[in-house]
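Everything on this sheet refers to the single structure shown next.
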Protein chains: 2
Amino acid sequence: MRKADAVAALAALAQDHRLETYRLLVQAGPEGLPAGEVAATIGLPPNTLTFHFDRLREAGLVSVRRDGRSMIYAARYDTMNALLGYLTENCCRGDASCAPAACVPAKTTRRKIRETAS
Amino acid sequence: MRKADAVAALAALAQDHRLETYRLLVQAGPEGLPAGEVAATIGLPPNTLTFHFDRLREAGLVSVRRDGRSMIYAARYDTMNALLGYLTENCCRGDASCAPAACVPAKTTRRKIRETAS
DNA sequence: GAAATATTTCGATGATCATCGAAATAATTC
DNA sequence: GAATTATTTCGATGATCATCGAAATATTTC
């Protein structure tokens with residue numbers, strides 16, 4: 001990850017509603033959530049939420065796919081891991097006590113989530 | 001760490017010159033660096049750098065102390081660790097493969113770091 | 001193909017940000 | 001205590017940000 005990418009990701013997360021949105025998606029798992037559901041949970045008008053989703057997406061922190069008339073947003077764990085890696089990269093200078101961060105989605109219980117989503 | 005603190009820390013890091021400054025301080029170790037040295041390395045006028053230091057300090061990411069006529073800035077590893085903890089907090093939902101991030105300054109080999117730095 | 005639903009695009013507004021020159025403050029040295 | 005060195009405060013400027021109403025687009029349903 002280059003510095004510019006790290007700045008973009010940090011900037012995307014450095015806002016109340018986006019950080020909340022992102023954490024919601026992280027907790028929702030790799031299947032993601034429809035935009036409307038996030039809007040209802042966070043309590044934002046849909047166009048404002050679109051604005052925030054765009055920023056998260058441009059930073060590579062979330063992905064989108066269409067499902068019927070809903071847009072499903074999901075956290076991109078790979079980017080979060082790259083960011084954590086970047087932040088801790090030169091952190092400890094050979095001190096083994098500095099463990100790299102990692103965030104792996106919990107084994108995709110696909111079937112269950114799929115059925116409710118579609 | 002509360003959401004507001006995380007947003008503050010992320011916002012402080014979400015800027016080219018500040019991220020560079022912060023990483024410089026992290027690499028310099030717990031002894032820190034005088035403001036002038038950072039200004040020379042990054043290539044910013046001193047007043048602009050003060051502006052950025054203020055934001056890093058308000059976010060709790062760096063500390064300052066006076067040493068003669070120099071101000072010595074140092075990274076606050078505790079805050080970085082709290083931020084990494086916050087970001088990974090609900091990340092993996094009981095998946096043991098998600099190790100918490102940590103950043104520990106390298107056992108304060110003061111003498112060595114000092115010599116190369118000054 | 002018209003009505004209903006889910007989301008995005010457009011346009012406008014007030015707020016905060018990054019930058020830097022110039023003057024002010026703090027500490028040292030002679 | 002005057003000159004020097006290191007950093008901060010002040011004030012101004014252009015840029016980007018977050019918000020939301022209103023209209024537009026995509027998809028499904030009847």
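Ligands are numbered from 1 in the order shown, residues from 1 within each chain, and chains are lettered A, B, ... in the order they appear in the structure tokens.
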
* To do: Fewer than 3 positions away in the same chain doesn't count, so skip those; otherwise give me all residues within 9 Å of region 1-17 of chain A, counting only C-alpha atoms (C1' of nucleotides), as a VMD selection string.
  => (chain A and resid 20 to 22 42 44 49 52 55 to 61 79 to 80 82 to 83 85 to 87) or (chain B and resid 3 to 4 6 to 16 19 to 20)

* Residues of chain D no more than 10 Å from chain B, counting only C-alpha atoms (C1' of nucleotides): send them over as a VMD selection string. => chain D and resid 5 to 9

* Tell me which of C:DT19, C:DT25, C:DT5, C:DC30 sits closest to DT29 (chain D), counting only C-alpha atoms (C1' of nucleotides). => C:DT5

* To do: Find the spatial neighbours of DG14 (chain C), counting only C-alpha atoms (C1' of nucleotides), within a cut-off of 12 Å - ignore same-chain residues fewer than 6 positions away - and output them as a list in words.
  => DC17, DA18 and DT19 of chain D

Could those selected residues go to a file with N, CA and C atoms (P, O5', C5', C4', C3', O3' and C1' of nucleotides), as a tab-separated table (two decimals), in the first residue's frame?
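The resulting file, out_22.tsv, is shown below:
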```tsv
chain	number	residue	atom	x	y	z
D	17	DC	P	-12.64	16.35	-0.18
D	17	DC	O5'	-13.67	16.90	0.91
D	17	DC	C5'	-13.18	17.24	2.19
D	17	DC	C4'	-14.31	17.39	3.18
D	17	DC	C3'	-15.40	16.33	3.05
D	17	DC	O3'	-15.70	15.84	4.35
D	17	DC	C1'	-16.33	18.52	2.84
D	18	DA	P	-16.71	14.61	4.49
D	18	DA	O5'	-18.08	15.33	4.88
D	18	DA	C5'	-18.18	15.98	6.14
D	18	DA	C4'	-19.60	16.44	6.36
D	18	DA	C3'	-20.66	15.35	6.18
D	18	DA	O3'	-21.59	15.46	7.24
D	18	DA	C1'	-21.08	17.14	4.68
D	19	DT	P	-22.86	14.49	7.34
D	19	DT	O5'	-24.01	15.37	6.66
D	19	DT	C5'	-24.31	16.65	7.19
D	19	DT	C4'	-25.32	17.35	6.32
D	19	DT	C3'	-26.46	16.46	5.86
D	19	DT	O3'	-27.59	16.73	6.67
D	19	DT	C1'	-25.68	17.92	4.14
```

Please identify every residue of chain C that has at least one atom no more than 8 Å from any atom of chain B, counting only C-alpha atoms (C1' of nucleotides), and report them as an mmCIF file with C-alpha atoms (C1' of nucleotides), in the first residue's frame.
```cif
data_model
loop_
_atom_site.group_PDB
_atom_site.id
_atom_site.type_symbol
_atom_site.label_atom_id
_atom_site.label_comp_id
_atom_site.auth_asym_id
_atom_site.auth_seq_id
_atom_site.Cartn_x
_atom_site.Cartn_y
_atom_site.Cartn_z
ATOM 1 C "C1'" DT C 19 -1.176 26.839 3.331
ATOM 2 C "C1'" DC C 20 1.936 30.653 4.134
ATOM 3 C "C1'" DA C 26 10.565 31.740 24.359
ATOM 4 C "C1'" DA C 27 15.267 30.452 25.336
ATOM 5 C "C1'" DT C 28 20.289 30.913 24.713
#
```
